[in-house]
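Asks: Structure file data.txt (compact mmCIF, C-alpha atoms) right here:
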# COMPACT_ATOMS: atom_id res chain seq x y z
CA MET A 1 0.00 0.00 0.00
CA ILE A 2 2.68 2.28 1.00
CA ILE A 3 4.57 1.45 -2.18
CA LYS A 4 1.44 2.08 -4.24
CA LYS A 5 0.94 5.42 -2.51
CA ILE A 6 4.56 6.36 -3.06
CA THR A 7 4.30 5.28 -6.68
CA ALA A 8 1.07 7.22 -7.10
CA SER A 9 2.62 10.27 -5.48
CA ALA A 10 5.64 10.04 -7.72
CA SER A 11 3.42 9.79 -10.76
CA ALA A 12 1.44 12.79 -9.62
CA VAL A 13 4.61 14.74 -9.08
CA ALA A 14 5.83 13.69 -12.47
CA LEU A 15 2.58 14.74 -14.08
CA LEU A 16 2.70 18.01 -12.21
CA SER A 17 6.22 18.61 -13.42
CA VAL A 18 5.25 17.89 -16.98
CA ALA A 19 2.27 20.20 -16.72
CA THR A 20 4.38 22.90 -15.18
CA ILE A 21 6.98 22.60 -17.91
CA ALA A 22 4.26 22.72 -20.53
CA ALA A 23 2.75 25.81 -18.95
CA VAL A 24 6.09 27.49 -18.70
CA SER A 25 6.87 26.57 -22.29
CA ALA A 26 3.52 27.91 -23.43
CA ALA A 27 4.10 31.13 -21.57
CA SER A 28 7.55 31.45 -23.04
CA GLY A 29 6.15 30.82 -26.49
CA ASN A 30 3.56 33.51 -26.07
CA ILE A 31 6.15 36.01 -24.93
CA SER A 32 8.40 35.12 -27.84
CA ASP A 33 5.55 35.46 -30.35
CA SER A 34 4.59 38.78 -28.82
CA ASN A 35 8.13 40.00 -29.16
CA ILE A 36 8.23 38.86 -32.78
CA VAL A 37 4.99 40.68 -33.54
CA SER A 38 6.27 43.75 -31.74
CA ASP A 39 9.56 43.60 -33.58
CA LYS A 40 7.73 43.22 -36.87
CA ALA A 41 5.48 46.14 -36.07
CA ASN A 42 8.46 48.23 -35.07
CA THR A 43 10.21 47.27 -38.27
CA GLU A 44 7.17 48.24 -40.37
CA THR A 45 6.79 51.51 -38.44
CA THR A 46 10.44 52.32 -38.96
CA SER A 47 10.13 51.51 -42.64
CA LYS A 48 7.06 53.69 -42.94
CA THR A 49 8.78 56.51 -41.07
CA ALA A 50 11.82 56.22 -43.27
CA SER A 51 9.62 56.12 -46.32
CA THR A 52 7.67 59.14 -45.11
CA SER A 53 10.87 61.00 -44.33
CA SER A 54 12.26 60.14 -47.72
CA SER A 55 9.03 61.26 -49.37
CA GLY A 56 9.13 64.54 -47.44
CA GLU A 57 12.66 65.20 -48.57
CA ASP A 58 11.63 64.68 -52.26
CA SER A 59 8.68 67.09 -52.03
CA SER A 60 10.95 69.89 -50.86
CA GLN A 61 12.98 69.75 -54.09
CA PRO A 62 12.16 72.46 -56.83
CA VAL A 63 9.93 71.39 -59.71
CA THR A 64 11.66 71.64 -63.07
CA THR A 65 9.50 73.04 -65.98
CA GLU A 66 10.21 73.57 -69.65
CA PRO A 67 11.04 77.28 -70.56
CA THR A 68 8.38 79.24 -72.57
CA THR A 69 9.65 80.79 -75.83
CA LEU A 70 7.88 84.07 -76.89
CA ARG A 71 7.41 84.81 -80.57
CA THR A 72 8.95 87.89 -82.13
CA TYR A 73 6.76 89.88 -84.52
CA HIS A 74 7.80 92.35 -87.21
CA ILE A 75 5.96 95.68 -87.31
CA THR A 76 6.68 97.34 -90.67
CA PHE A 77 5.94 101.04 -91.17
CA LEU A 78 5.55 102.36 -94.74
CA ASP A 79 5.71 105.97 -95.98
CA PHE A 80 3.23 107.75 -98.26
CA ASP A 81 4.67 105.92 -101.30
CA SER A 82 4.51 102.49 -99.60
CA LYS A 83 8.28 102.41 -99.15
CA PRO A 84 9.72 100.97 -95.88
CA LEU A 85 10.13 103.66 -93.26
CA LYS A 86 11.05 101.53 -90.23
CA VAL A 87 10.77 97.93 -89.01
CA LEU A 88 10.35 97.12 -85.31
CA GLU A 89 10.97 93.65 -83.83
CA ILE A 90 8.70 93.22 -80.82
CA GLU A 91 8.10 90.21 -78.58
CA GLU A 92 4.59 88.82 -78.42
CA GLY A 93 2.36 90.81 -76.09
CA ASP A 94 4.68 93.82 -75.80
CA PRO A 95 3.29 97.29 -76.68
CA ILE A 96 4.12 98.89 -80.04
CA ASP A 97 6.12 102.10 -79.59
CA TYR A 98 4.90 104.48 -82.29
CA THR A 99 7.23 107.23 -81.06
CA ALA A 100 10.13 105.17 -82.41
CA VAL A 101 9.06 106.17 -85.94
CA ASP A 102 10.22 109.61 -87.13
CA THR A 103 7.06 110.97 -88.75
CA LYS A 104 8.60 114.45 -89.09
CA SER A 105 10.80 113.08 -91.85
CA LEU A 106 7.65 112.63 -93.96
CA HIS A 107 7.11 116.40 -94.18
CA LYS A 108 8.03 117.69 -97.63
CA HIS A 109 7.33 120.35 -100.26
CA ILE A 110 6.07 118.71 -103.44
CA ASP A 111 6.39 122.03 -105.27
CA THR A 112 6.41 125.74 -104.47
CA HIS A 113 2.72 125.82 -103.60
CA THR A 114 2.13 122.26 -102.35
CA GLU A 115 3.12 120.91 -98.95
CA GLN A 116 2.63 117.43 -97.48
CA GLU A 117 2.89 116.04 -93.96
CA PHE A 118 1.98 113.04 -91.78
CA VAL A 119 -1.53 112.95 -90.32
CA ALA A 120 -2.16 109.39 -89.00
CA TRP A 121 -1.57 105.62 -89.44
CA ASP A 122 -4.06 103.52 -91.38
CA ILE A 123 -4.17 101.01 -88.49
CA LYS A 124 -2.86 101.33 -84.95
CA PRO A 125 -2.72 98.07 -82.97
CA ASP A 126 -1.61 98.52 -79.35
CA PHE A 127 0.27 95.25 -78.85
CA ALA A 128 2.34 92.85 -80.93
CA ASP A 129 0.13 89.81 -81.51
CA ALA A 130 0.93 89.35 -85.21
CA ASP A 131 3.11 90.74 -88.01
CA TYR A 132 1.71 94.12 -89.09
CA THR A 133 2.26 96.41 -92.07
CA ILE A 134 1.21 99.96 -91.17
CA HIS A 135 0.86 102.73 -93.77
CA ALA A 136 1.36 106.45 -93.13
CA LEU A 137 -1.57 108.66 -94.16
CA SER A 138 -0.91 112.14 -95.53
CA LYS A 139 -2.36 115.62 -95.36
CA THR A 140 -1.63 117.67 -98.50
CA ALA A 141 -2.18 121.43 -98.74
CA SER A 142 -2.05 123.35 -102.03
CA ILE A 143 -2.26 127.14 -102.32
CA TYR A 144 -3.47 128.57 -105.59
CA PHE A 145 -4.84 131.70 -107.23
CA THR A 146 -8.26 131.61 -108.83
CA GLN A 147 -8.08 135.35 -109.56
CA LYS A 148 -4.55 136.71 -109.73
CA SER A 149 -5.18 140.38 -110.44
CA PRO A 150 -6.94 142.68 -107.98
CA GLU A 151 -9.68 145.07 -109.01
CA LYS A 152 -7.32 148.01 -108.88
CA THR A 153 -4.06 148.08 -110.81
CA ARG A 154 -4.02 151.82 -111.67
CA TYR A 155 -3.10 154.47 -109.17
CA PHE A 156 -3.06 158.24 -109.48
CA SER A 157 -0.79 159.13 -106.59
CA THR A 158 1.79 157.53 -104.33
CA LYS A 159 -0.32 157.98 -101.22
CA GLY A 160 -1.79 154.96 -99.46
CA ASN A 161 -1.26 151.23 -99.83
CA VAL A 162 -1.51 148.63 -102.57
CA SER A 163 -5.01 147.15 -102.69
CA LEU A 164 -5.49 143.37 -102.91
CA LYS A 165 -9.26 143.62 -103.17
CA GLY A 166 -10.53 141.26 -105.82
CA ILE A 167 -7.80 138.64 -105.72
CA GLN A 168 -8.95 135.13 -104.88
CA ALA A 169 -6.51 132.80 -103.17
CA SER A 170 -7.41 129.46 -101.62
CA ILE A 171 -5.90 126.49 -99.85
CA LYS A 172 -7.10 123.06 -100.91
CA MET A 173 -6.65 120.45 -98.19
CA SER A 174 -6.68 116.71 -98.99
CA VAL A 175 -6.56 114.32 -96.03
CA GLN A 176 -6.21 110.56 -96.52
CA THR A 177 -8.55 108.32 -94.52
CA PRO A 178 -7.98 104.65 -93.54
CA GLN A 179 -10.79 103.58 -95.88
CA LYS A 180 -9.92 102.43 -99.40
CA ASP A 181 -11.80 102.59 -102.68
CA LYS A 182 -12.43 99.71 -105.06
CA ASP A 183 -8.96 100.19 -106.57
CA GLY A 184 -7.25 99.87 -103.19
CA LYS A 185 -6.40 103.57 -102.90
CA TYR A 186 -6.98 105.54 -99.74
CA ILE A 187 -10.07 107.72 -99.88
CA THR A 188 -9.38 111.42 -99.29
CA GLU A 189 -11.51 114.08 -97.66
CA ASP A 190 -11.10 117.42 -99.47
CA SER A 191 -11.82 120.93 -98.28
CA VAL A 192 -11.12 124.45 -99.57
CA VAL A 193 -10.32 127.46 -97.39
CA ASP A 194 -10.44 131.01 -98.78
CA ILE A 195 -7.34 132.95 -97.66
CA SER A 196 -7.83 136.02 -99.86
CA GLU A 197 -8.38 138.37 -96.93
CA SER A 198 -5.22 137.24 -95.14
CA CYS A 199 -2.82 137.67 -98.07
CA LEU A 200 -0.13 140.34 -97.95
CA ALA A 201 1.36 142.51 -100.69
CA THR A 202 5.07 143.27 -101.04
CA PRO A 203 5.82 146.10 -101.34
CA SER A 204 2.71 147.18 -99.50
CA SER A 205 2.94 150.99 -99.75
CA LEU A 206 2.46 152.87 -103.02
CA LYS A 207 5.32 155.19 -102.14
CA GLU A 208 7.72 152.25 -101.96
CA ALA A 209 6.22 150.53 -105.00
CA PHE A 210 6.61 153.61 -107.21
CA SER A 211 9.84 154.91 -105.70
CA LYS A 212 11.84 154.21 -108.86
CA SER A 213 9.26 154.03 -111.62
CA ASP A 214 5.61 154.54 -112.49
CA LYS A 215 5.31 150.77 -112.88
CA ALA A 216 5.78 148.10 -110.22
CA THR A 217 5.49 144.36 -109.69
CA ILE A 218 3.60 143.33 -106.56
CA THR A 219 4.26 139.94 -104.95
CA VAL A 220 1.50 138.24 -102.96
CA TYR A 221 2.23 136.10 -99.89
CA PRO A 222 -0.08 134.09 -97.66
CA ALA A 223 0.00 135.41 -94.10
CA GLY A 224 2.88 133.86 -92.16
CA ASP A 225 4.49 132.29 -95.24
CA GLN A 226 7.64 133.37 -97.03
CA LYS A 227 6.79 131.61 -100.28
CA PRO A 228 4.93 133.84 -102.77
CA ILE A 229 1.80 132.55 -104.46
CA GLY A 230 1.70 135.03 -107.32
CA THR A 231 2.48 138.47 -108.73
CA PHE A 232 0.68 141.24 -110.62
CA GLU A 233 1.59 144.57 -112.21
CA ILE A 234 0.43 148.04 -111.16
CA VAL A 235 0.95 151.43 -112.77
CA CYS A 236 0.85 154.96 -111.41
CA PHE A 237 -0.47 157.96 -113.36
CA ARG A 238 1.30 160.24 -111.01
CA ASP A 239 -0.47 163.51 -110.09
CA LEU A 240 -3.10 163.17 -112.83
CA GLY A 241 -5.24 166.35 -112.66
CA ASP A 242 -2.94 168.03 -110.12
CA VAL A 243 -1.25 170.10 -112.79
CA ASP A 244 0.33 172.58 -110.36
CA GLN A 245 1.55 169.68 -108.14
CA ASN A 246 0.44 171.20 -104.87
CA GLY A 247 -1.07 167.91 -103.68
CA MET A 248 -4.67 168.88 -104.41
CA ILE A 249 -6.98 168.77 -107.43
CA ASP A 250 -9.15 171.88 -107.46
CA SER A 251 -10.40 174.78 -109.57
CA THR A 252 -6.90 176.23 -109.84
CA ASP A 253 -5.80 173.18 -111.81
CA ALA A 254 -8.82 173.53 -114.10
CA SER A 255 -7.96 177.20 -114.74
CA GLN A 256 -4.37 176.35 -115.67
CA VAL A 257 -5.57 173.72 -118.14
CA LEU A 258 -7.95 176.22 -119.77
CA ASN A 259 -5.24 178.88 -120.02
CA THR A 260 -2.80 176.42 -121.57
CA TYR A 261 -5.42 175.21 -124.03
CA ALA A 262 -6.16 178.82 -125.01
CA ARG A 263 -2.48 179.53 -125.63
CA MET A 264 -2.17 176.38 -127.75
CA ALA A 265 -5.19 177.45 -129.78
CA ALA A 266 -3.81 180.96 -130.24
CA SER A 267 -0.34 179.89 -131.34
CA ALA A 268 0.59 176.82 -133.31
CA ASN A 269 4.15 177.23 -132.10
CA TYR A 270 3.24 176.93 -128.42
CA ALA A 271 3.59 173.50 -126.80
CA PRO A 272 3.34 172.85 -123.05
CA GLU A 273 5.94 170.73 -121.29
CA ALA A 274 5.46 166.98 -121.61
CA ASP A 275 4.99 166.45 -117.85
CA PHE A 276 2.40 169.22 -117.68
CA LYS A 277 0.47 167.74 -120.58
CA LYS A 278 0.64 164.28 -119.00
CA ARG A 279 -0.87 165.62 -115.75
CA ALA A 280 -3.53 167.68 -117.58
CA ASP A 281 -4.80 164.95 -119.96
CA VAL A 282 -7.11 163.41 -117.36
CA ASN A 283 -9.26 161.44 -119.82
CA MET A 284 -6.10 160.02 -121.45
CA ASP A 285 -7.16 160.67 -125.02
CA ASN A 286 -3.73 162.14 -125.83
CA LYS A 287 -5.25 165.62 -126.15
CA LEU A 288 -5.23 168.68 -123.90
CA ASP A 289 -8.45 170.63 -124.31
CA ALA A 290 -11.44 172.20 -122.55
CA ARG A 291 -12.90 168.77 -121.76
CA ASP A 292 -9.94 168.03 -119.49
CA ALA A 293 -10.57 171.29 -117.62
CA SER A 294 -14.24 170.35 -117.28
CA HIS A 295 -13.37 166.89 -115.90
CA ILE A 296 -11.03 168.47 -113.35
CA LEU A 297 -13.80 170.77 -112.10
CA LYS A 298 -16.17 167.81 -111.85
CA TYR A 299 -13.58 165.81 -109.92
CA TYR A 300 -13.10 168.72 -107.53
CA ALA A 301 -16.84 169.06 -106.92
CA VAL A 302 -17.42 165.33 -106.26
CA SER A 303 -14.32 164.73 -104.14
CA SER A 304 -15.12 167.73 -101.96
CA THR A 305 -18.39 166.13 -100.81
CA ALA A 306 -17.49 162.41 -100.97
CA SER A 307 -17.16 160.59 -97.64
CA ASP A 308 -14.58 158.16 -99.04
CA PRO A 309 -11.51 158.95 -101.13
CA ILE A 310 -12.06 158.69 -104.88
CA ASP A 311 -9.77 158.73 -107.89
CA TRP A 312 -10.12 159.10 -111.63
CA GLU A 313 -11.43 155.56 -112.15
CA TYR A 314 -14.60 156.76 -110.48
CA PHE A 315 -15.20 158.85 -113.63
CA PHE A 316 -13.56 156.88 -116.43
CA ASP A 317 -13.39 153.30 -117.65
CA PHE A 318 -9.74 153.38 -118.61
CA ASP A 319 -9.79 149.79 -119.85
CA LYS A 320 -12.38 150.77 -122.41
CA ILE A 321 -10.48 153.93 -123.33
CA HIS A 322 -7.25 152.00 -123.87
CA ASN A 323 -8.98 149.32 -125.91
CA GLU A 324 -10.47 151.96 -128.19
CA LYS A 325 -7.09 153.46 -128.98
Show me this structure written as structure tokens.
Replies:
Amino acid sequence: MIIKKITASASAVALLSVATIAAVSAASGNISDSNIVSDKANTETTSKTASTSSSGEDSSQPVTTEPTTLRTYHITFLDFDSKPLKVLEIEEGDPIDYTAVDTKSLHKHIDTHTEQEFVAWDIKPDFADADYTIHALSKTASIYFTQKSPEKTRYFSTKGNVSLKGIQASIKMSVQTPQKDKDGKYITEDSVVDISESCLATPSSLKEAFSKSDKATITVYPAGDQKPIGTFEIVCFRDLGDVDQNGMIDSTDASQVLNTYARMAASANYAPEADFKKRADVNMDNKLDARDASHILKYYAVSSTASDPIDWEYFFDFDKIHNEK
């Protein structure tokens, strides 16, 4: 019995030992597996961290892009005759600098009475977005006479100024517009300005004009211009009717003409001086007679009451008289 008990006890102890070892082994296995899982997790976390760190370092690097190349456009400016004036090379999108073109060089005198200058461009784009050909548009001014001679070309004294009344001078202005006709030519807008009243005579005074002769050439200028637009001739019948040359035409002059005529009638050998006869022959019929004395008296009577100065053309149509000779 005792042996059986001892044997049973030993078996129980042995079983207990085996169970204990198994439990310890199981516990050790669990710890080991836990450590493996933990190590694996740590390894994955480290890998992820390293990967994240590496990724962060890459994102901080600058992004490389391809450079953009801008086009260059040619802006060609042409003069009035469609000849190249200037060519500008401008990058796409940049403004066009019109001040770079010398438009003053387009100003010219076509002839003595015709002047031309720049007025505008036919197109005016602000920016370079294509190749452009831009034409200069012109303004042309021409001065001309439609009536060259004034109403008065005969004078009877050297007092006063040369009269331009009756002349007709005009400026014709032709301005090109951007619009073209069916033939491709720029359409012009024309206008005419009368400048007759603003013209000047040189010499302007009768005293200066007739200082050397009884005939003179008068030159006409537009106001503010040194280029003449025409000339005409004037003549002076100096002191006609003022036979005694005292600066007045009155009854005394008429009396002298009558006395001279009487002496000529009384003596065939008497002849007055040429200058006296020239001053006394007021109707210019190449005769000195009583009719001249009568005309002088009439002149004296009318001029004494007239509000405006008059001369012998008030009484005679000298053009008709000269044509009848």
Asks: Pick from A:Tyr132, A:Trp312, A:Phe118, A:Phe210: nearest to Val87 in chain A, with only C-alpha atoms counted?
Replies: A:Tyr132
Asks: Could you check the closest approach to Tyr299 in chain A for each of A:Glu233, A:Asp181, A:Asp250, A:Glu273 and tell me which residue wins, using all atoms listed in the file?
Replies: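 Smallest distance to Tyr299 in chain A is found for A:Asp250.
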Asks: Quick one: everything within 8 Å of Lys215 in chain A, counting only C-alpha atoms, minus sequence neighbours fewer than 6 positions away in the same chain. Send it as a VMD selection string.
Replies: chain A and resid 209 233 to 236
Asks: In Å to one decimal, how far is CA of Ser138 in chain A from CA of Ile195 in chain A?
Replies: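 Taking CA of Ile195 in chain A and CA of Ser138 in chain A, their separation equals 21.9 Å.
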Asks: Give me, please, the distance in Å between CA of Ile96 in chain A and CA of Lys124 in chain A, quoted to one decimal.
Replies: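 Here the two named atoms are 8.9 Å from each other.
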Asks: May I ask which of the residues A:Thr69, A:Leu164, A:Lys86, A:Asp239 is the closest one to Thr99 in chain A, counting all atoms listed in the file?
Replies: A:Lys86
Asks: Neighbours of Glu208 in chain A within 10 Å (all atoms listed in the file; same-chain residues fewer than 5 positions away dropped), as a count of residues only?
Replies: 8
Asks: List every protein, DNA or RNA residue that has at least one atom no more than 9 Å from (3.5, 126.7, -95.1) in the file's coordinates, counting all atoms listed in the file, and write the result as a list in words.
Replies: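 Residues close enough to count: His113, Thr114, Glu115, Ala141, Pro222, Gly224, Asp225, Gln226 and Lys227 of chain A.
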Asks: Take the residues that were just selected and, keeping C-alpha atoms, output them as a CSV table (one decimal), in the frame of the given file.
Replies:
chain,number,residue,atom,x,y,z
A,113,HIS,CA,2.7,125.8,-103.6
A,114,THR,CA,2.1,122.3,-102.4
A,115,GLU,CA,3.1,120.9,-99.0
A,141,ALA,CA,-2.2,121.4,-98.7
A,222,PRO,CA,-0.1,134.1,-97.7
A,224,GLY,CA,2.9,133.9,-92.2
A,225,ASP,CA,4.5,132.3,-95.2
A,226,GLN,CA,7.6,133.4,-97.0
A,227,LYS,CA,6.8,131.6,-100.3
Asks: Taking (-0.5, 118.2, -98.2) in the file's own coordinates, collect the residues within 9 Å, counting all atoms listed in the file, and hand them back as a PDB file with C-alpha atoms, in the coordinates of the input.
Replies:
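Produced file point_28.pdb, reproduced below:
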ATOM      1  CA  HIS A 107       7.110 116.400 -94.180  1.00  0.00           C
ATOM      2  CA  LYS A 108       8.030 117.690 -97.630  1.00  0.00           C
ATOM      3  CA  HIS A 109       7.330 120.350-100.260  1.00  0.00           C
ATOM      4  CA  ILE A 110       6.070 118.710-103.440  1.00  0.00           C
ATOM      5  CA  THR A 114       2.130 122.260-102.350  1.00  0.00           C
ATOM      6  CA  GLU A 115       3.120 120.910 -98.950  1.00  0.00           C
ATOM      7  CA  GLN A 116       2.630 117.430 -97.480  1.00  0.00           C
ATOM      8  CA  GLU A 117       2.890 116.040 -93.960  1.00  0.00           C
ATOM      9  CA  PHE A 118       1.980 113.040 -91.780  1.00  0.00           C
ATOM     10  CA  SER A 138      -0.910 112.140 -95.530  1.00  0.00           C
ATOM     11  CA  LYS A 139      -2.360 115.620 -95.360  1.00  0.00           C
ATOM     12  CA  THR A 140      -1.630 117.670 -98.500  1.00  0.00           C
ATOM     13  CA  ALA A 141      -2.180 121.430 -98.740  1.00  0.00           C
ATOM     14  CA  SER A 142      -2.050 123.350-102.030  1.00  0.00           C
ATOM     15  CA  LYS A 172      -7.100 123.060-100.910  1.00  0.00           C
ATOM     16  CA  MET A 173      -6.650 120.450 -98.190  1.00  0.00           C
ATOM     17  CA  SER A 174      -6.680 116.710 -98.990  1.00  0.00           C
ATOM     18  CA  VAL A 175      -6.560 114.320 -96.030  1.00  0.00           C
TER      19      VAL A 175
END
Asks: Using all atoms listed in the file, which of A:Ala254, A:Lys278, A:Phe77, A:Phe127 sits nearest Pro95 in chain A?
Replies: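 Among A:Ala254, A:Lys278, A:Phe77, A:Phe127, it is A:Phe127 that comes nearest to Pro95 in chain A.
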Asks: What gap, in Å, lies between CA of Gln179 in chain A and CA of Ala100 in chain A?
Replies: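 We find that CA of Gln179 in chain A and CA of Ala100 in chain A lie 24.9 Å from each other.
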Asks: Out of A:Phe80, A:Tyr270, A:Phe237, A:Trp121, which residue has the shortest atom-to-atom distance to Ser105 in chain A when counting all atoms listed in the file?
Replies: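 When distances to Ser105 in chain A are compared using all atoms listed in the file, the smallest one comes from A:Phe80.
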Asks: I'd like to know which of A:Ser198, A:Ser205, A:Thr133, A:Thr76 is closest to Tyr155 in chain A, using all atoms listed in the file.
Replies: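 Closest candidate: A:Ser205.
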Asks: Need the shell around Cys199 in chain A: protein/DNA/RNA residues with any atom at most 12 Å away, counting all atoms listed in the file. Skip same-chain ones fewer than 3 positions apart. Format as an MDAnalysis selection string?
Replies: chainID A and resid 143:145 148 150 162:171 194:196 202 204 219:231
Asks: Counting only C-alpha atoms, what is within 12 Å of Lys298 in chain A, bar same-chain residues fewer than 4 positions away, as a PDB file with C-alpha atoms, in the coordinates of the input?
Replies:
ATOM      1  CA  GLY A 241      -5.240 166.350-112.660  1.00  0.00           C
ATOM      2  CA  ILE A 249      -6.980 168.770-107.430  1.00  0.00           C
ATOM      3  CA  ASP A 250      -9.150 171.880-107.460  1.00  0.00           C
ATOM      4  CA  SER A 251     -10.400 174.780-109.570  1.00  0.00           C
ATOM      5  CA  ASP A 253      -5.800 173.180-111.810  1.00  0.00           C
ATOM      6  CA  ALA A 254      -8.820 173.530-114.100  1.00  0.00           C
ATOM      7  CA  VAL A 282      -7.110 163.410-117.360  1.00  0.00           C
ATOM      8  CA  ARG A 291     -12.900 168.770-121.760  1.00  0.00           C
ATOM      9  CA  ASP A 292      -9.940 168.030-119.490  1.00  0.00           C
ATOM     10  CA  ALA A 293     -10.570 171.290-117.620  1.00  0.00           C
ATOM     11  CA  SER A 294     -14.240 170.350-117.280  1.00  0.00           C
ATOM     12  CA  VAL A 302     -17.420 165.330-106.260  1.00  0.00           C
ATOM     13  CA  SER A 303     -14.320 164.730-104.140  1.00  0.00           C
ATOM     14  CA  SER A 304     -15.120 167.730-101.960  1.00  0.00           C
ATOM     15  CA  THR A 305     -18.390 166.130-100.810  1.00  0.00           C
ATOM     16  CA  ASP A 311      -9.770 158.730-107.890  1.00  0.00           C
ATOM     17  CA  TRP A 312     -10.120 159.100-111.630  1.00  0.00           C
ATOM     18  CA  TYR A 314     -14.600 156.760-110.480  1.00  0.00           C
ATOM     19  CA  PHE A 315     -15.200 158.850-113.630  1.00  0.00           C
TER      20      PHE A 315
END
